[in-house]
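Below: one structure, written as structure tokens.
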Amino acid sequence: WGVLRGALKVLARLAGIPLTVRGLDNLPPATRPCVFVVNHMSYLDGFVMAAAIPRIFSFVAKAELAGQFIPRLLLGRIGTEYVRRTDKEGSLRDARRLAERAEAGRSLMYFPEGTLTRAPGLLPFHVGAFEAAVAAGLPVVPIAIRGTRSVLRDGTWRPRRAAIAVTIEPPIWPAEIAAEAAKTERDAWATAIRLRDAARARILRHCGEPDAQHERAPL
């Protein structure tokens, strides 16, 4: 992690791409695991998070990346966790495994849109990250990235110079959301949905892009 972060910061300086990080004081104590949720605009986003967040955490990535040699080599070295998106039974097992990792003290980082597009806009969020946070009783830390789409847009490998900004919002605790949720037999699900919506609203305020909520049916 130390080598990776140092290399990324040097590369950003050499490329003339300024990176500004706001809200580091909003991070929970280093001893407190959490679930980071981040908007996804570019293939650079994971590298930006590694450079910007001074914590060790596990990225949560789609299982397809585990079958590609170079991504598997890099992501495996930093403790990435994989999830299956098309296998419902496997997806449930993945969710339980991730909740156990979080309960054991490992912070997780999700890109809850689940994909990225060339066109600007914040897509709807999948609920998996928030289910894991509720199951483990961990705070969700919303993080907004701004500018990476301008540097490297989906569909091209020709980067451009542009400023990148990262805004870290205060953590949202499931217990606070649960107090607002209806008291039904599906409290955990209701809490996860409210947690998702609250985190997405905060990211939307800072990401500098329009709301593309209707581009894909929300889960």
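Each chain in the structure tokens gets a letter, A, B and so on, in the order shown; residues start at 1 in every chain, and ligands are counted from 1 in the order they appear.
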Can you tell me, as a compact mmCIF listing (two decimals) with N, CA, C and O atoms, in the first residue's frame, what residues are no more than 10 Å from His40 in chain A when counting only C-alpha atoms, ignoring any on the same chain fewer than 2 positions away?
```txt
# COMPACT_ATOMS: atom_id res chain seq x y z
N VAL A 37 -18.23 4.29 0.31
CA VAL A 37 -18.99 4.21 -0.95
C VAL A 37 -18.63 5.42 -1.80
O VAL A 37 -18.63 6.55 -1.31
N VAL A 38 -18.31 5.17 -3.07
CA VAL A 38 -17.73 6.18 -3.95
C VAL A 38 -18.42 6.15 -5.31
O VAL A 38 -18.73 5.06 -5.82
N SER A 42 -14.61 6.80 -13.91
CA SER A 42 -13.47 6.51 -14.76
C SER A 42 -12.70 5.32 -14.20
O SER A 42 -12.81 4.99 -13.01
N TYR A 43 -11.91 4.68 -15.06
CA TYR A 43 -11.04 3.60 -14.59
C TYR A 43 -9.94 4.12 -13.66
O TYR A 43 -9.23 3.33 -13.04
N LEU A 44 -9.81 5.42 -13.55
CA LEU A 44 -8.84 6.00 -12.63
C LEU A 44 -9.33 6.03 -11.19
O LEU A 44 -8.53 6.26 -10.27
N ASP A 45 -10.61 5.83 -10.98
CA ASP A 45 -11.19 6.07 -9.65
C ASP A 45 -10.54 5.23 -8.55
O ASP A 45 -10.29 5.72 -7.45
N GLY A 46 -10.26 3.96 -8.83
CA GLY A 46 -9.63 3.12 -7.82
C GLY A 46 -8.25 3.63 -7.44
O GLY A 46 -7.87 3.64 -6.26
N TYR A 110 -16.62 0.29 -1.82
CA TYR A 110 -17.51 -0.07 -2.91
C TYR A 110 -17.67 1.10 -3.88
O TYR A 110 -17.67 2.27 -3.48
N PHE A 111 -17.89 0.76 -5.15
CA PHE A 111 -18.41 1.69 -6.14
C PHE A 111 -19.84 1.23 -6.43
O PHE A 111 -20.07 0.40 -7.31
N PRO A 112 -20.81 1.72 -5.67
CA PRO A 112 -22.15 1.11 -5.68
C PRO A 112 -22.95 1.31 -6.96
O PRO A 112 -24.00 0.68 -7.12
N GLU A 113 -22.47 2.17 -7.88
CA GLU A 113 -23.15 2.22 -9.18
C GLU A 113 -22.96 0.91 -9.94
O GLU A 113 -23.77 0.57 -10.80
N GLY A 114 -21.88 0.20 -9.64
CA GLY A 114 -21.66 -1.10 -10.24
C GLY A 114 -21.09 -1.09 -11.63
O GLY A 114 -20.72 -2.13 -12.17
N THR A 115 -21.00 0.07 -12.24
CA THR A 115 -20.47 0.20 -13.59
C THR A 115 -20.14 1.67 -13.82
O THR A 115 -20.36 2.51 -12.95
N LEU A 116 -19.59 1.97 -15.00
CA LEU A 116 -19.38 3.37 -15.36
C LEU A 116 -19.80 3.56 -16.82
O LEU A 116 -19.88 2.59 -17.58
N THR A 117 -20.10 4.77 -17.18
CA THR A 117 -20.53 5.08 -18.54
C THR A 117 -19.74 6.26 -19.07
O THR A 117 -19.12 7.00 -18.31
N GLY A 121 -23.20 11.64 -15.26
CA GLY A 121 -24.42 11.39 -14.50
C GLY A 121 -24.20 10.34 -13.42
O GLY A 121 -23.53 9.33 -13.66
N LEU A 122 -24.76 10.60 -12.23
CA LEU A 122 -24.66 9.65 -11.12
C LEU A 122 -25.78 8.62 -11.26
O LEU A 122 -26.96 8.96 -11.16
N LEU A 123 -25.41 7.36 -11.50
CA LEU A 123 -26.38 6.29 -11.69
C LEU A 123 -26.97 5.84 -10.35
O LEU A 123 -26.42 6.15 -9.28
N ALA A 144 -17.14 11.52 -2.66
CA ALA A 144 -17.44 12.00 -4.01
C ALA A 144 -16.14 12.31 -4.75
O ALA A 144 -15.30 13.04 -4.24
N ILE A 145 -15.99 11.71 -5.92
CA ILE A 145 -14.88 12.03 -6.82
C ILE A 145 -15.39 12.98 -7.89
O ILE A 145 -16.48 12.79 -8.43
N ARG A 146 -14.58 13.96 -8.21
CA ARG A 146 -14.95 14.92 -9.25
C ARG A 146 -13.75 15.14 -10.18
O ARG A 146 -12.64 15.38 -9.71
N THR A 148 -12.41 12.91 -12.65
CA THR A 148 -11.72 11.80 -13.31
C THR A 148 -12.31 11.49 -14.68
O THR A 148 -11.60 10.99 -15.56
N ARG A 149 -13.60 11.77 -14.88
CA ARG A 149 -14.18 11.52 -16.20
C ARG A 149 -13.54 12.43 -17.25
O ARG A 149 -13.36 12.05 -18.40
N CYS A 207 -20.26 15.60 -6.57
CA CYS A 207 -19.60 14.96 -7.70
C CYS A 207 -19.59 15.82 -8.96
O CYS A 207 -18.87 15.52 -9.93
```
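Running DSSP on the backbone gives strand (DSSP E) for these residues within range 102-199 of chain A: Leu108, Met109, Tyr110, Val140, Val141, Pro142, Ile143, Ala144, Ile145, Arg146, Ile164, Ala165, Val166, Thr167 and Ile168 of chain A.
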With N, CA and C atoms retained, export the selected residues as a compact mmCIF listing (two decimals), in the first residue's frame.
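Just written: again.txt:
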```txt
# COMPACT_ATOMS: atom_id res chain seq x y z
N LEU A 108 -14.15 -1.76 3.92
CA LEU A 108 -14.47 -2.13 2.54
C LEU A 108 -14.74 -0.89 1.72
N MET A 109 -14.36 -0.90 0.45
CA MET A 109 -14.64 0.22 -0.44
C MET A 109 -15.43 -0.27 -1.65
N TYR A 110 -16.62 0.29 -1.82
CA TYR A 110 -17.51 -0.07 -2.91
C TYR A 110 -17.67 1.10 -3.88
N VAL A 140 -21.18 4.07 7.21
CA VAL A 140 -20.95 4.26 5.78
C VAL A 140 -20.34 5.64 5.59
N VAL A 141 -19.22 5.71 4.87
CA VAL A 141 -18.56 6.99 4.60
C VAL A 141 -18.73 7.32 3.12
N PRO A 142 -19.60 8.28 2.77
CA PRO A 142 -19.77 8.65 1.36
C PRO A 142 -18.58 9.49 0.88
N ILE A 143 -18.06 9.15 -0.29
CA ILE A 143 -16.95 9.88 -0.89
C ILE A 143 -17.30 10.25 -2.33
N ALA A 144 -17.14 11.52 -2.66
CA ALA A 144 -17.44 12.00 -4.01
C ALA A 144 -16.14 12.31 -4.75
N ILE A 145 -15.99 11.71 -5.92
CA ILE A 145 -14.88 12.03 -6.82
C ILE A 145 -15.39 12.98 -7.89
N ARG A 146 -14.58 13.96 -8.21
CA ARG A 146 -14.95 14.92 -9.25
C ARG A 146 -13.75 15.14 -10.18
N ILE A 164 -8.53 16.94 -10.24
CA ILE A 164 -9.36 15.92 -9.58
C ILE A 164 -9.56 16.33 -8.13
N ALA A 165 -10.80 16.24 -7.68
CA ALA A 165 -11.12 16.58 -6.28
C ALA A 165 -11.85 15.41 -5.62
N VAL A 166 -11.51 15.15 -4.38
CA VAL A 166 -12.16 14.11 -3.58
C VAL A 166 -12.75 14.77 -2.35
N THR A 167 -14.03 14.54 -2.10
CA THR A 167 -14.70 15.09 -0.92
C THR A 167 -15.20 13.95 -0.05
N ILE A 168 -14.74 13.92 1.20
CA ILE A 168 -15.14 12.88 2.15
C ILE A 168 -16.20 13.46 3.08
```
- Message: Quick one: residues within 12 Å of Glu176 in chain A, only C-alpha atoms, excluding same-chain residues fewer than 5 positions away - as a list in words?
- Response: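 Counting only the stated atoms, we get Val134, Gly137, Leu138, Pro139, Val140, Pro171, Ala181, Thr191, Ala192, Arg194, Leu195 and Ala198 of chain A.
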- Excluding same-chain residues fewer than 3 positions from Pro159 in chain A, what lies within 12 Å of it counting only C-alpha atoms, as a PyMOL selection string? chain A and resi 12+15-17+42-44+147-156+162
What separates CA of Pro124 in chain A and CA of Gln213 in chain A is a distance of 5.0 Å
Please indicate the distance in Å from CA of Arg5 in chain A to CA of Thr80 in chain A, rounded to one decimal place.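 Taking CA of Arg5 in chain A as the start and CA of Thr80 in chain A as the end point, the length is 15.8 Å.
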CA of Asp25 in chain A to CA of Phe130 in chain A measures 22.3 Å
Would you mind listing what lies within 12 Å of range 90-105 of chain A as a PDB file with C-alpha atoms, in the first residue's frame, with only C-alpha atoms counted and same-chain residues fewer than 5 positions away left out?
```
ATOM      1  CA  ALA A  30      -8.094   4.394  12.226  1.00  0.00           C
ATOM      2  CA  THR A  31      -9.129   1.590  14.563  1.00  0.00           C
ATOM      3  CA  ARG A  32     -12.766   1.781  13.429  1.00  0.00           C
ATOM      4  CA  PRO A  33     -13.569  -0.201  10.257  1.00  0.00           C
ATOM      5  CA  CYS A  34     -16.127   1.309   7.920  1.00  0.00           C
ATOM      6  CA  VAL A  35     -17.751   0.940   4.503  1.00  0.00           C
ATOM      7  CA  PHE A  36     -16.619   3.520   1.958  1.00  0.00           C
ATOM      8  CA  ILE A  56      -5.744   0.159   4.341  1.00  0.00           C
ATOM      9  CA  PHE A  57      -9.016  -1.182   2.983  1.00  0.00           C
ATOM     10  CA  SER A  58     -10.333  -3.815   0.597  1.00  0.00           C
ATOM     11  CA  PHE A  59     -11.824  -2.819  -2.720  1.00  0.00           C
ATOM     12  CA  VAL A  60     -14.974  -4.751  -3.592  1.00  0.00           C
ATOM     13  CA  ALA A  61     -14.818  -5.566  -7.309  1.00  0.00           C
ATOM     14  CA  LYS A  62     -16.788  -7.590  -9.829  1.00  0.00           C
ATOM     15  CA  ALA A  63     -15.686 -11.228 -10.032  1.00  0.00           C
ATOM     16  CA  GLY A  79      -6.578  -7.613  -0.641  1.00  0.00           C
ATOM     17  CA  THR A  80      -9.451  -7.022  -3.059  1.00  0.00           C
ATOM     18  CA  GLU A  81     -12.708  -8.882  -2.412  1.00  0.00           C
ATOM     19  CA  TYR A  82     -14.736 -10.117  -5.386  1.00  0.00           C
ATOM     20  CA  VAL A  83     -18.504 -10.368  -5.787  1.00  0.00           C
ATOM     21  CA  ARG A  84     -20.632 -12.203  -8.328  1.00  0.00           C
ATOM     22  CA  ARG A  85     -23.320 -10.043  -9.866  1.00  0.00           C
ATOM     23  CA  TYR A 110     -17.512  -0.070  -2.909  1.00  0.00           C
ATOM     24  CA  VAL A 127     -27.776  -1.957  -2.229  1.00  0.00           C
ATOM     25  CA  GLY A 128     -25.068  -4.548  -1.417  1.00  0.00           C
ATOM     26  CA  ALA A 129     -22.642  -2.134   0.257  1.00  0.00           C
ATOM     27  CA  PHE A 130     -25.361  -0.878   2.553  1.00  0.00           C
ATOM     28  CA  GLU A 131     -26.597  -4.361   3.437  1.00  0.00           C
ATOM     29  CA  ALA A 132     -23.029  -5.227   4.488  1.00  0.00           C
ATOM     30  CA  ALA A 133     -22.830  -2.071   6.618  1.00  0.00           C
ATOM     31  CA  VAL A 134     -26.146  -2.838   8.341  1.00  0.00           C
ATOM     32  CA  ALA A 135     -25.212  -6.489   8.941  1.00  0.00           C
ATOM     33  CA  ALA A 136     -21.865  -5.514  10.494  1.00  0.00           C
ATOM     34  CA  GLY A 137     -23.138  -2.380  12.266  1.00  0.00           C
ATOM     35  CA  LEU A 138     -20.495  -0.232  10.564  1.00  0.00           C
ATOM     36  CA  PRO A 139     -20.668   3.402   9.466  1.00  0.00           C
ATOM     37  CA  VAL A 140     -20.951   4.257   5.779  1.00  0.00           C
TER      38      VAL A 140
END
```
DSSP on the backbone, then: every residue of range 78-159 of chain A marked alpha helix (DSSP H), written as a ChimeraX atom specification. /A:88-103,128-136,148-151
